[in-house]
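Peer 1: Structure supplied as entry_3.cif; contents: mmCIF, C-alpha atoms.
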```
data_entry
loop_
_atom_site.label_atom_id
_atom_site.label_comp_id
_atom_site.auth_asym_id
_atom_site.auth_seq_id
_atom_site.Cartn_x
_atom_site.Cartn_y
_atom_site.Cartn_z
CA MET A 1 -31.16 -34.98 -33.97
CA ARG A 2 -33.56 -35.25 -36.88
CA ILE A 3 -32.21 -34.90 -40.40
CA LYS A 4 -34.34 -33.22 -43.03
CA THR A 5 -33.02 -33.15 -46.58
CA MET A 6 -34.74 -30.44 -48.59
CA MET A 7 -34.70 -29.23 -52.15
CA LEU A 8 -32.72 -26.02 -52.69
CA ALA A 9 -35.76 -23.92 -53.56
CA LEU A 10 -37.59 -25.00 -50.41
CA MET A 11 -34.58 -24.28 -48.24
CA VAL A 12 -34.21 -20.82 -49.69
CA GLY A 13 -37.84 -20.07 -49.01
CA VAL A 14 -37.82 -21.41 -45.45
CA LEU A 15 -34.39 -20.37 -44.29
CA GLY A 16 -33.61 -17.35 -46.44
CA LEU A 17 -30.10 -18.81 -46.84
CA MET A 18 -27.78 -19.40 -49.76
CA GLN A 19 -29.50 -16.61 -51.74
CA GLY A 20 -30.87 -19.12 -54.23
CA HIS A 21 -27.44 -19.76 -55.68
CA ALA A 22 -25.93 -23.01 -56.81
CA GLU A 23 -23.90 -25.10 -54.38
CA ALA A 24 -20.47 -23.69 -53.61
CA PHE A 25 -18.71 -26.53 -51.85
CA PRO A 26 -15.90 -27.25 -52.06
CA ARG A 27 -14.17 -24.02 -53.01
CA TYR A 28 -11.34 -24.34 -55.54
CA VAL A 29 -8.18 -22.26 -55.54
CA GLY A 30 -5.12 -22.43 -57.78
CA GLY A 31 -3.76 -20.84 -60.89
CA ASP A 32 -3.19 -21.00 -64.60
CA ILE A 33 0.20 -22.72 -64.89
CA SER A 34 0.21 -23.34 -68.63
CA LEU A 35 3.89 -22.43 -69.09
CA LEU A 36 5.28 -24.39 -66.13
CA PRO A 37 7.05 -27.00 -68.34
CA ASP A 38 9.11 -24.24 -69.98
CA TYR A 39 10.20 -22.72 -66.67
CA GLU A 40 11.13 -26.10 -65.25
CA ALA A 41 13.04 -27.05 -68.40
CA ALA A 42 14.91 -23.71 -68.29
CA GLY A 43 15.96 -24.31 -64.70
CA SER A 44 13.84 -21.71 -62.91
CA LYS A 45 14.43 -21.90 -59.17
CA TYR A 46 11.29 -21.80 -57.04
CA ASN A 47 11.65 -21.14 -53.32
CA ASP A 48 9.15 -21.23 -50.48
CA HIS A 49 8.13 -18.30 -48.28
CA ASP A 50 11.34 -18.67 -46.23
CA GLY A 51 13.57 -18.84 -49.30
CA LYS A 52 14.13 -22.62 -49.13
CA PRO A 53 14.19 -24.53 -52.45
CA ILE A 54 10.94 -26.11 -53.61
CA PRO A 55 11.82 -29.58 -54.92
CA ASP A 56 8.40 -30.19 -56.49
CA PHE A 57 6.32 -27.22 -57.65
CA LEU A 58 2.95 -28.97 -57.72
CA GLN A 59 3.55 -30.70 -54.39
CA PHE A 60 4.30 -27.30 -52.85
CA CYS A 61 1.04 -25.92 -54.27
CA TYR A 62 -0.85 -28.90 -52.87
CA ASP A 63 0.77 -28.58 -49.45
CA GLU A 64 -0.02 -24.85 -49.34
CA GLY A 65 -3.71 -25.64 -49.84
CA MET A 66 -4.26 -25.25 -53.56
CA ASN A 67 -6.58 -27.85 -55.01
CA ALA A 68 -6.94 -26.99 -58.71
CA MET A 69 -4.95 -25.80 -61.73
CA ARG A 70 -5.91 -24.36 -65.10
CA VAL A 71 -4.27 -25.16 -68.45
CA ARG A 72 -4.92 -23.48 -71.81
CA LEU A 73 -5.05 -25.27 -75.14
CA PHE A 74 -4.56 -23.92 -78.68
CA VAL A 75 -5.44 -25.81 -81.85
CA ASP A 76 -2.19 -25.41 -83.82
CA PRO A 77 0.08 -22.63 -82.50
CA GLN A 78 2.64 -23.22 -85.24
CA ALA A 79 0.08 -22.19 -87.86
CA TYR A 80 -0.29 -18.63 -86.58
CA PRO A 81 2.24 -16.21 -88.12
CA GLY A 82 4.38 -14.38 -85.59
CA GLN A 83 3.04 -16.45 -82.73
CA ASP A 84 3.83 -15.37 -79.18
CA PRO A 85 6.25 -18.02 -77.83
CA ASN A 86 4.21 -18.19 -74.64
CA ALA A 87 1.18 -19.34 -76.64
CA LYS A 88 2.60 -22.75 -77.53
CA GLN A 89 0.21 -25.05 -75.68
CA ASP A 90 -0.98 -27.59 -78.22
CA LEU A 91 -2.29 -31.00 -77.18
CA ALA A 92 1.13 -32.68 -77.15
CA TYR A 93 2.47 -29.92 -74.88
CA ILE A 94 -0.30 -30.07 -72.29
CA ILE A 95 -0.73 -33.83 -71.86
CA PRO A 96 2.35 -34.32 -69.61
CA LEU A 97 1.45 -31.20 -67.63
CA CYS A 98 -2.14 -32.35 -67.13
CA GLN A 99 -0.89 -35.77 -66.04
CA LYS A 100 1.34 -34.13 -63.42
CA ILE A 101 -1.54 -32.00 -62.16
CA ARG A 102 -3.77 -35.03 -61.75
CA LYS A 103 -0.94 -37.08 -60.20
CA ALA A 104 -0.42 -34.31 -57.64
CA GLY A 105 -4.04 -34.67 -56.50
CA LEU A 106 -5.22 -31.38 -58.02
CA ALA A 107 -8.37 -30.76 -60.00
CA LEU A 108 -7.88 -29.71 -63.63
CA MET A 109 -9.59 -26.93 -65.58
CA LEU A 110 -9.05 -27.30 -69.33
CA ASP A 111 -9.32 -24.00 -71.20
CA PHE A 112 -10.15 -24.48 -74.90
CA HIS A 113 -9.13 -21.35 -76.83
CA TYR A 114 -10.51 -22.68 -80.15
CA SER A 115 -7.83 -20.69 -81.94
CA ASP A 116 -4.18 -21.03 -82.94
CA THR A 117 -3.32 -18.02 -80.79
CA TRP A 118 -4.57 -16.09 -77.77
CA ALA A 119 -8.36 -15.89 -77.82
CA ASP A 120 -9.62 -12.85 -75.93
CA PRO A 121 -12.09 -9.96 -76.39
CA VAL A 122 -10.11 -8.39 -79.24
CA LYS A 123 -9.21 -11.54 -81.16
CA GLN A 124 -11.07 -14.79 -81.56
CA TRP A 125 -9.58 -15.93 -84.85
CA THR A 126 -10.61 -19.20 -86.45
CA PRO A 127 -7.78 -21.78 -86.56
CA LYS A 128 -5.94 -21.79 -89.86
CA ALA A 129 -7.02 -25.34 -90.67
CA TRP A 130 -10.69 -24.43 -90.17
CA GLU A 131 -10.80 -21.19 -92.15
CA GLY A 132 -12.44 -22.60 -95.29
CA LEU A 133 -15.34 -24.25 -93.47
CA SER A 134 -18.94 -23.13 -93.75
CA ASP A 135 -20.83 -22.47 -90.53
CA THR A 136 -22.48 -25.89 -90.75
CA GLU A 137 -19.10 -27.53 -91.24
CA LEU A 138 -17.67 -25.45 -88.39
CA TYR A 139 -20.37 -26.68 -86.02
CA GLN A 140 -19.32 -30.24 -86.78
CA LYS A 141 -15.62 -29.39 -86.56
CA ILE A 142 -15.81 -27.85 -83.08
CA TYR A 143 -17.76 -30.90 -81.93
CA GLU A 144 -15.27 -33.34 -83.42
CA TYR A 145 -12.20 -31.42 -82.24
CA THR A 146 -13.52 -31.11 -78.68
CA LYS A 147 -14.53 -34.76 -78.59
CA GLU A 148 -11.25 -36.04 -80.05
CA THR A 149 -9.21 -33.86 -77.70
CA LEU A 150 -11.02 -35.18 -74.65
CA GLN A 151 -10.74 -38.75 -75.93
CA THR A 152 -6.97 -38.32 -76.30
CA LEU A 153 -6.67 -36.89 -72.80
CA LYS A 154 -8.69 -39.78 -71.38
CA GLU A 155 -6.48 -42.28 -73.21
CA ASN A 156 -3.58 -40.66 -71.36
CA GLY A 157 -5.30 -40.91 -67.98
CA VAL A 158 -6.52 -37.31 -67.81
CA VAL A 159 -10.14 -36.36 -67.16
CA PRO A 160 -10.67 -32.64 -66.48
CA GLN A 161 -13.01 -31.63 -63.68
CA PHE A 162 -13.80 -28.30 -65.37
CA ILE A 163 -13.88 -27.42 -69.07
CA GLN A 164 -13.97 -23.94 -70.56
CA THR A 165 -15.62 -24.04 -73.98
CA GLY A 166 -13.88 -20.89 -75.14
CA ASN A 167 -11.67 -18.25 -73.53
CA GLU A 168 -13.02 -14.75 -72.77
CA ILE A 169 -15.83 -15.21 -75.29
CA SER A 170 -17.53 -11.91 -74.40
CA TYR A 171 -17.98 -11.11 -78.11
CA GLY A 172 -18.25 -14.66 -79.40
CA MET A 173 -15.60 -16.87 -80.95
CA LEU A 174 -14.37 -18.29 -84.26
CA TRP A 175 -14.83 -14.89 -85.91
CA GLY A 176 -13.11 -15.89 -89.14
CA PRO A 177 -9.52 -15.71 -90.50
CA ALA A 178 -6.99 -13.66 -88.57
CA ASN A 179 -7.49 -9.91 -88.94
CA THR A 180 -10.55 -10.31 -91.15
CA LYS A 181 -12.32 -7.03 -91.85
CA ASN A 182 -15.76 -8.40 -90.93
CA PRO A 183 -15.33 -10.53 -87.82
CA LEU A 184 -18.43 -12.50 -86.82
CA LYS A 185 -18.80 -10.92 -83.39
CA VAL A 186 -21.80 -10.86 -81.07
CA TYR A 187 -22.92 -7.67 -79.36
CA THR A 188 -25.23 -6.58 -76.57
CA ASN A 189 -28.83 -5.92 -77.71
CA ASP A 190 -28.01 -7.12 -81.21
CA ASN A 191 -29.05 -10.64 -82.24
CA THR A 192 -26.78 -10.70 -85.28
CA ASN A 193 -24.45 -13.74 -85.13
CA TRP A 194 -25.94 -14.95 -81.83
CA PRO A 195 -27.60 -18.07 -83.36
CA ARG A 196 -24.24 -19.01 -84.87
CA PHE A 197 -22.36 -18.43 -81.60
CA LEU A 198 -24.89 -20.36 -79.51
CA THR A 199 -24.75 -23.28 -81.93
CA LEU A 200 -20.96 -23.38 -81.70
CA LEU A 201 -21.17 -23.45 -77.92
CA ARG A 202 -23.92 -26.05 -77.95
CA LYS A 203 -21.88 -28.40 -80.12
CA ALA A 204 -18.75 -27.94 -77.99
CA ILE A 205 -20.73 -28.60 -74.82
CA GLN A 206 -22.33 -31.67 -76.38
CA ALA A 207 -18.90 -33.18 -76.97
CA CYS A 208 -17.89 -32.43 -73.37
CA ARG A 209 -21.04 -34.04 -71.98
CA GLU A 210 -20.50 -37.15 -74.07
CA GLU A 211 -16.84 -37.63 -73.19
CA CYS A 212 -16.61 -36.15 -69.69
CA PRO A 213 -20.13 -36.25 -68.25
CA GLU A 214 -18.96 -35.41 -64.71
CA ALA A 215 -17.02 -32.31 -65.77
CA LYS A 216 -18.45 -28.87 -65.08
CA ILE A 217 -18.79 -26.60 -68.12
CA VAL A 218 -17.52 -23.02 -67.75
CA LEU A 219 -18.63 -20.09 -69.95
CA HIS A 220 -15.99 -17.38 -69.65
CA ASN A 221 -16.67 -13.64 -69.96
CA GLU A 222 -14.38 -10.74 -69.00
CA ARG A 223 -16.74 -7.74 -69.25
CA VAL A 224 -16.63 -7.28 -65.47
CA ALA A 225 -16.63 -3.50 -65.83
CA LYS A 226 -19.79 -3.66 -67.97
CA PRO A 227 -22.50 -5.29 -65.84
CA GLU A 228 -25.20 -4.61 -68.44
CA MET A 229 -23.16 -6.66 -70.94
CA LEU A 230 -22.72 -9.47 -68.42
CA LYS A 231 -26.45 -9.53 -67.83
CA PHE A 232 -27.24 -9.66 -71.55
CA PHE A 233 -24.61 -12.33 -72.21
CA TYR A 234 -25.70 -14.71 -69.48
CA GLU A 235 -29.37 -14.23 -70.34
CA LYS A 236 -28.58 -15.22 -73.92
CA VAL A 237 -26.62 -18.34 -72.96
CA SER A 238 -29.23 -19.44 -70.42
CA ILE A 239 -30.61 -21.86 -73.01
CA LEU A 240 -27.33 -23.80 -72.97
CA ASP A 241 -26.38 -26.74 -70.77
CA TYR A 242 -23.54 -25.25 -68.73
CA ASP A 243 -22.65 -25.11 -65.04
CA ILE A 244 -20.31 -22.24 -64.14
CA ILE A 245 -19.96 -18.55 -64.93
CA GLY A 246 -16.25 -17.83 -65.39
CA LEU A 247 -14.98 -14.27 -65.02
CA SER A 248 -11.66 -12.50 -65.53
CA TYR A 249 -10.85 -9.72 -63.09
CA TYR A 250 -7.73 -7.57 -63.23
CA PRO A 251 -8.03 -4.27 -61.34
CA TYR A 252 -5.63 -2.54 -63.74
CA PHE A 253 -7.95 -3.44 -66.64
CA HIS A 254 -11.38 -3.48 -64.99
CA GLY A 255 -11.30 -1.08 -62.04
CA ASN A 256 -11.43 -1.33 -58.26
CA MET A 257 -13.00 -4.02 -56.10
CA SER A 258 -16.42 -2.34 -56.15
CA VAL A 259 -16.51 -3.02 -59.91
CA LEU A 260 -16.08 -6.73 -59.28
CA GLU A 261 -18.71 -6.63 -56.53
CA LYS A 262 -21.22 -5.11 -58.94
CA ALA A 263 -20.36 -7.76 -61.52
CA LEU A 264 -20.86 -10.55 -58.99
CA ASP A 265 -24.18 -9.07 -57.90
CA THR A 266 -25.23 -8.95 -61.56
CA VAL A 267 -24.35 -12.50 -62.54
CA THR A 268 -25.67 -14.09 -59.34
CA GLU A 269 -28.98 -12.29 -59.86
CA THR A 270 -29.08 -13.05 -63.60
CA ALA A 271 -28.23 -16.74 -63.27
CA PRO A 272 -29.02 -17.77 -59.66
CA ASP A 273 -28.71 -21.47 -60.50
CA LYS A 274 -25.06 -21.20 -61.57
CA ASN A 275 -21.83 -21.21 -59.63
CA VAL A 276 -19.25 -18.50 -60.34
CA MET A 277 -15.47 -18.73 -60.63
CA ILE A 278 -12.82 -16.07 -61.03
CA VAL A 279 -10.86 -18.04 -63.62
CA GLU A 280 -8.27 -15.29 -64.15
CA THR A 281 -6.92 -12.63 -61.82
CA GLY A 282 -3.62 -11.07 -60.83
CA TYR A 283 -1.87 -8.00 -59.47
CA SER A 284 1.63 -6.64 -59.99
CA TYR A 285 4.17 -6.58 -57.16
CA ARG A 286 6.52 -4.13 -58.89
CA TRP A 287 5.21 -1.82 -61.57
CA GLU A 288 2.31 -1.22 -63.86
CA VAL A 289 1.50 -4.08 -66.20
CA PRO A 290 2.12 -2.87 -69.80
CA GLY A 291 -0.99 -1.74 -71.64
CA THR A 292 -3.15 -1.07 -68.59
CA ASP A 293 -5.19 2.07 -68.17
CA GLN A 294 -7.09 1.91 -64.88
CA LYS A 295 -6.24 3.72 -61.67
CA VAL A 296 -5.62 1.11 -58.97
CA ASP A 297 -6.26 1.14 -55.22
CA TYR A 298 -3.10 -0.69 -54.19
CA PRO A 299 0.60 0.14 -54.49
CA TYR A 300 2.65 -1.90 -56.92
CA SER A 301 4.60 -3.77 -54.26
CA GLU A 302 4.59 -7.13 -52.53
CA ALA A 303 2.48 -5.61 -49.75
CA GLY A 304 0.13 -4.08 -52.30
CA GLN A 305 -0.26 -7.39 -54.10
CA ASP A 306 -1.04 -9.14 -50.83
CA GLN A 307 -3.58 -6.48 -49.80
CA PHE A 308 -5.31 -6.94 -53.15
CA ALA A 309 -5.36 -10.71 -52.57
CA GLN A 310 -6.79 -10.25 -49.06
CA ASP A 311 -9.54 -7.93 -50.25
CA LEU A 312 -10.35 -10.21 -53.16
CA VAL A 313 -10.68 -13.29 -50.96
CA ASN A 314 -12.79 -11.41 -48.42
CA LEU A 315 -15.14 -10.22 -51.16
CA LEU A 316 -15.50 -13.62 -52.78
CA LEU A 317 -16.28 -15.29 -49.46
CA LYS A 318 -19.39 -13.14 -49.20
CA TYR A 319 -20.96 -14.99 -52.13
CA ASP A 320 -22.24 -18.53 -51.67
CA ALA A 321 -22.22 -19.04 -55.44
CA VAL A 322 -18.50 -18.27 -55.87
CA ASP A 323 -16.49 -21.47 -55.65
CA GLY A 324 -13.32 -20.84 -57.66
CA LEU A 325 -10.30 -18.51 -57.73
CA PHE A 326 -7.44 -18.90 -60.22
CA TRP A 327 -4.38 -16.62 -60.39
CA TRP A 328 -3.21 -16.20 -63.97
CA TRP A 329 0.41 -17.04 -64.89
CA MET A 330 1.23 -17.65 -61.25
CA GLU A 331 4.25 -19.79 -62.20
CA TYR A 332 6.04 -16.97 -64.05
CA ASN A 333 9.58 -16.97 -62.66
CA PRO A 334 12.76 -16.23 -64.65
CA TYR A 335 14.99 -16.59 -61.57
CA GLY A 336 17.82 -19.02 -62.26
CA ALA A 337 16.72 -19.58 -65.84
CA GLY A 338 18.20 -16.57 -67.61
CA LEU A 339 14.77 -15.65 -68.97
CA SER A 340 13.52 -12.10 -69.44
CA GLY A 341 11.40 -10.54 -66.75
CA TRP A 342 8.55 -8.17 -67.55
CA TYR A 343 5.17 -9.44 -66.31
CA ASN A 344 5.61 -8.93 -62.54
CA ALA A 345 2.14 -10.11 -61.54
CA SER A 346 2.95 -13.72 -60.72
CA LEU A 347 3.19 -15.28 -57.26
CA PHE A 348 6.98 -15.73 -57.26
CA ASN A 349 9.69 -13.09 -56.95
CA PRO A 350 11.79 -13.04 -60.16
CA ASP A 351 14.82 -11.80 -58.20
CA ASN A 352 15.05 -14.73 -55.79
CA GLY A 353 12.32 -17.19 -56.74
CA ARG A 354 10.59 -16.83 -53.37
CA ALA A 355 6.83 -17.33 -53.09
CA PHE A 356 5.06 -14.08 -52.29
CA LYS A 357 2.73 -13.62 -49.33
CA ALA A 358 -0.20 -13.35 -51.76
CA PHE A 359 0.32 -17.05 -52.58
CA GLU A 360 -0.55 -17.97 -49.02
CA THR A 361 -3.36 -15.42 -48.89
CA ILE A 362 -5.30 -16.72 -51.87
CA CYS A 363 -4.99 -20.27 -50.55
CA GLY A 364 -7.22 -19.09 -47.71
CA PHE A 365 -10.13 -19.01 -50.15
CA GLY A 366 -10.04 -22.74 -50.85
CA THR A 367 -11.46 -25.56 -48.76
CA GLY A 368 -8.39 -27.75 -49.18
CA HIS A 369 -8.54 -31.30 -50.42
CA GLU A 370 -11.43 -32.72 -48.44
CA GLY A 371 -14.41 -33.78 -50.51
CA ILE A 372 -12.67 -33.52 -53.88
CA ASP A 373 -12.89 -36.73 -55.91
CA LEU A 374 -10.65 -36.53 -58.97
CA GLY A 375 -11.69 -39.88 -60.39
CA PRO A 376 -9.40 -42.67 -61.64
CA ASP A 377 -5.68 -42.57 -60.97
CA PRO A 378 -3.90 -41.48 -64.19
CA GLU A 379 -1.51 -44.40 -63.75
CA ASN A 380 -4.41 -46.86 -63.41
CA PRO A 381 -7.16 -45.41 -65.63
CA ASP A 382 -8.93 -48.76 -66.05
CA ASP A 383 -9.03 -49.61 -62.34
CA PRO A 384 -12.26 -48.21 -60.82
CA ASN A 385 -10.87 -48.76 -57.33
CA ALA A 386 -7.73 -46.70 -57.93
CA SER A 387 -8.43 -43.02 -57.42
CA VAL A 388 -6.66 -39.73 -56.81
CA GLY A 389 -7.90 -37.14 -54.39
CA ALA A 390 -10.88 -39.18 -53.25
CA THR A 391 -9.69 -39.83 -49.71
CA GLY A 392 -11.43 -36.73 -48.45
CA THR A 393 -14.81 -37.86 -49.73
CA ASP A 394 -15.39 -40.60 -47.17
CA ASP A 395 -14.29 -41.17 -43.61
CA ALA A 396 -12.83 -44.37 -42.19
CA GLU A 397 -16.29 -45.93 -41.87
CA GLY A 398 -17.18 -45.05 -45.43
CA ASP A 399 -19.67 -42.32 -44.49
CA ALA A 400 -19.50 -39.08 -46.45
CA LEU A 401 -17.93 -36.11 -44.73
CA TRP A 402 -20.07 -33.14 -43.81
CA PHE A 403 -19.27 -29.49 -44.58
CA ASP A 404 -20.45 -26.42 -42.69
CA VAL A 405 -21.49 -23.22 -44.48
CA GLN A 406 -17.88 -21.99 -44.35
CA GLY A 407 -16.82 -25.05 -46.35
CA ARG A 408 -14.98 -26.73 -43.44
CA ALA A 409 -15.03 -30.51 -43.44
CA LEU A 410 -16.53 -32.21 -40.38
CA LYS A 411 -16.92 -35.82 -39.30
CA ALA A 412 -20.48 -35.02 -38.20
CA PRO A 413 -22.68 -31.95 -37.56
CA THR A 414 -21.81 -30.22 -34.31
CA ALA A 415 -24.97 -28.14 -33.85
CA PRO A 416 -28.32 -27.46 -35.50
CA GLY A 417 -28.00 -25.62 -38.77
CA LEU A 418 -27.30 -25.91 -42.50
CA TYR A 419 -24.70 -28.41 -43.76
CA ILE A 420 -23.56 -30.06 -47.00
CA ARG A 421 -23.43 -33.87 -47.33
CA ARG A 422 -22.92 -35.86 -50.54
CA GLY A 423 -23.45 -32.69 -52.54
CA LYS A 424 -26.82 -31.94 -50.94
CA LYS A 425 -27.84 -29.24 -48.51
CA VAL A 426 -29.06 -30.70 -45.24
CA VAL A 427 -30.79 -29.03 -42.30
CA ILE A 428 -30.03 -30.42 -38.84
CA CYS A 429 -32.75 -29.78 -36.27
CA ASN A 430 -32.96 -30.64 -32.56
#
```
Starting from the file, give its structure as structure tokens.

Peer 2:
Amino acid sequence: MRIKTMMLALMVGVLGLMQGHAEAFPRYVGGDISLLPDYEAAGSKYNDHDGKPIPDFLQFCYDEGMNAMRVRLFVDPQAYPGQDPNAKQDLAYIIPLCQKIRKAGLALMLDFHYSDTWADPVKQWTPKAWEGLSDTELYQKIYEYTKETLQTLKENGVVPQFIQTGNEISYGMLWGPANTKNPLKVYTNDNTNWPRFLTLLRKAIQACREECPEAKIVLHNERVAKPEMLKFFYEKVSILDYDIIGLSYYPYFHGNMSVLEKALDTVTETAPDKNVMIVETGYSYRWEVPGTDQKVDYPYSEAGQDQFAQDLVNLLLKYDAVDGLFWWWMEYNPYGAGLSGWYNASLFNPDNGRAFKAFETICGFGTGHEGIDLGPDPENPDDPNASVGATGTDDAEGDALWFDVQGRALKAPTAPGLYIRRGKKVVICN
């Protein structure tokens, strides 16, 4: 066999494959588990699909096929009046959790909220300690805060593989003090405040590149039901040095699966050089999630949740650019802990702690642990030869593993066709 390594653009032109999108191997699957320490401390009882106790939550996730986890970070949750107790993740809170994620051999996505409270489309309030800063001072502050946070994580043996510079920043971020009457938002087809927003992002990304040069930068938008807004947003941020389009998709907020399909078509056409991740999703197994207003295509039941998960995975697998799927608040589980139950869109049954079928279903999206190099071992951060999760990168002879177009790891190509090796697309010809 002859091996011809080609540039992506040439391969697209010759083969008509990959649709011009960025590389999508491996595929990451997991969840946002930002409140796991609280559930474990409260004594929540997690059980596997057969109802048997799970002794180690993260090990169970790893064994099931998950290969990544997401963790949110607030600046100073104590500074926000009337703070939601679930929004408590400051730096001291997340460090032990991030260490456990890395120790378990899972990739880490760090989600900067750049706020003291939930940052989302309807509130992107400036942290209390930053409220008196001018825009110029704020540019420097977001750079310093991002840089210092990543330095602290690295000192504790944690290097994220993915970094979100902002959470659901569809209308910008750092709007001003909480509940200000004139929030500094950005809008479609209106350039007001865009230079400010782009500068904030640029400075945050600069800090990430300096401290974690191997990490992939995610820009997160949730306007899935508004494809024209997605197009405008990702055209505007095209001048920035980022890697991944991050989307939120909840059918009870955004609409049915065809809405997501249209959104994916839009972003992959608008930014064909970027990968795409669904960084938040979920579906209720019991009843309507409070505050939702969309008609849904699936019953609110365990079977309905699993059917949603199946359809979601099947849709995402149609797109070469999509390489990530994260279920939000998947660890929610009051069983055994005496905690209140209301969310009902996690992956564990609050009545018996058992993992739902949808847990197993979404794992089918990922490519497992082969080919994922997580860098230095958190327990040996200064030893370049000590690594976590790198065993799938090379085979026994030290040669890189191959991947077929379905993302399956191979020792060697088995037939002529398109493969991935050492992060490059390779064509095998007879």

Peer 1: Determine the residue membership of the PyMOL selection byres ((chain A and resi 153) around 12) for the file above and supply it as a ChimeraX atom specification.

Peer 2: /A:73,91-99,102,108,110,146-152,154-160,211-212,378,381

Peer 1: Next, write the just-selected residues to a file, as a PDB file, keeping the file's coordinate frame, keeping C-alpha atoms as the atom set.

Peer 2:
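Contents of part_0.pdb, as written:
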```pdb
ATOM      1  CA  LEU A  73      -5.050 -25.270 -75.140  1.00  0.00           C
ATOM      2  CA  LEU A  91      -2.290 -31.000 -77.180  1.00  0.00           C
ATOM      3  CA  ALA A  92       1.130 -32.680 -77.150  1.00  0.00           C
ATOM      4  CA  TYR A  93       2.470 -29.920 -74.880  1.00  0.00           C
ATOM      5  CA  ILE A  94      -0.300 -30.070 -72.290  1.00  0.00           C
ATOM      6  CA  ILE A  95      -0.730 -33.830 -71.860  1.00  0.00           C
ATOM      7  CA  PRO A  96       2.350 -34.320 -69.610  1.00  0.00           C
ATOM      8  CA  LEU A  97       1.450 -31.200 -67.630  1.00  0.00           C
ATOM      9  CA  CYS A  98      -2.140 -32.350 -67.130  1.00  0.00           C
ATOM     10  CA  GLN A  99      -0.890 -35.770 -66.040  1.00  0.00           C
ATOM     11  CA  ARG A 102      -3.770 -35.030 -61.750  1.00  0.00           C
ATOM     12  CA  LEU A 108      -7.880 -29.710 -63.630  1.00  0.00           C
ATOM     13  CA  LEU A 110      -9.050 -27.300 -69.330  1.00  0.00           C
ATOM     14  CA  THR A 146     -13.520 -31.110 -78.680  1.00  0.00           C
ATOM     15  CA  LYS A 147     -14.530 -34.760 -78.590  1.00  0.00           C
ATOM     16  CA  GLU A 148     -11.250 -36.040 -80.050  1.00  0.00           C
ATOM     17  CA  THR A 149      -9.210 -33.860 -77.700  1.00  0.00           C
ATOM     18  CA  LEU A 150     -11.020 -35.180 -74.650  1.00  0.00           C
ATOM     19  CA  GLN A 151     -10.740 -38.750 -75.930  1.00  0.00           C
ATOM     20  CA  THR A 152      -6.970 -38.320 -76.300  1.00  0.00           C
ATOM     21  CA  LYS A 154      -8.690 -39.780 -71.380  1.00  0.00           C
ATOM     22  CA  GLU A 155      -6.480 -42.280 -73.210  1.00  0.00           C
ATOM     23  CA  ASN A 156      -3.580 -40.660 -71.360  1.00  0.00           C
ATOM     24  CA  GLY A 157      -5.300 -40.910 -67.980  1.00  0.00           C
ATOM     25  CA  VAL A 158      -6.520 -37.310 -67.810  1.00  0.00           C
ATOM     26  CA  VAL A 159     -10.140 -36.360 -67.160  1.00  0.00           C
ATOM     27  CA  PRO A 160     -10.670 -32.640 -66.480  1.00  0.00           C
ATOM     28  CA  GLU A 211     -16.840 -37.630 -73.190  1.00  0.00           C
ATOM     29  CA  CYS A 212     -16.610 -36.150 -69.690  1.00  0.00           C
ATOM     30  CA  PRO A 378      -3.900 -41.480 -64.190  1.00  0.00           C
ATOM     31  CA  PRO A 381      -7.160 -45.410 -65.630  1.00  0.00           C
TER      32      PRO A 381
END
```

Peer 1: Mind checking which residues fall within 10 Å of region 185-189 of chain A, counting all atoms listed in the file, ignoring those fewer than 2 positions away in the same chain, and posting them as an NGL selection string?

Peer 2: :A and (121-124 or 169-176 or 182-183 or 191-197 or 228-233 or 236)

Peer 1: Pick out the closest residue to Asn275 (chain A) from this set: A:Gly82, A:Pro299, A:Pro127, A:Gly324. Count only C-alpha atoms.

Peer 2: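 Closest to Asn275 (chain A), using only C-alpha atoms: A:Gly324.
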
Peer 1: Quote the spacing between CA of Gly166 (chain A) and CA of Lys274 (chain A) in Å to one decimal place.

Peer 2: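 Answer for the CA of Gly166 (chain A) to CA of Lys274 (chain A) separation: 17.6 Å.
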
Peer 1: Using only C-alpha atoms, which residue out of A:Ser34, A:Ser134, A:Ser44, A:Ser258 lies closest to Leu339 (chain A)?

Peer 2: A:Ser44

Peer 1: Using Å and a single decimal, report how far CA of Asp84 (chain A) sits from CA of Gly282 (chain A).

Peer 2: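 Interatomic distance here is 20.3 Å.
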
Peer 1: Neighbours of Leu58 (chain A) within 8 Å (all atoms listed in the file; same-chain residues fewer than 6 positions away dropped), as a list in words?

Peer 2: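 Those residues are Lys100, Ile101 and Ala104 of chain A.
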
Peer 1: One decimal, in Å: what's the spacing between CA of Thr270 (chain A) and CA of Phe253 (chain A)?

Peer 2: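 Computing it gives 23.4 Å between the two atoms.
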
Peer 1: Show me, as a ChimeraX atom specification, the residues that have an atom within 9 Å of Val289 (chain A) when counting only C-alpha atoms, minus same-chain residues fewer than 3 positions from it.

Peer 2: /A:252,283-284,286,292,342-345

Peer 1: Can you work out which one of A:Glu269, A:Asp111, A:Asp90, A:Asp50 has the shortest atom-to-atom distance to Asn167 (chain A), counting all atoms listed in the file?

Peer 2: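 Of the candidates, the smallest distance to Asn167 (chain A) is held by A:Asp111.
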
Peer 1: In terms of the shortest atom-to-atom distance over all atoms listed in the file, which of A:Ile163, A:Ala309, A:Val259, A:Val29 is closest to Asp323 (chain A)?

Peer 2: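 Nearest candidate to Asp323 (chain A) out of A:Ile163, A:Ala309, A:Val259, A:Val29: A:Val29.
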
Peer 1: When the PyMOL selection byres ((chain A and resi 75) around 9) is applied to the structure above, which residues does it catch, written out as number ranges by chain?

Peer 2: A: 73-74, 76-77, 79, 89-91, 112-117, 127-129, 145
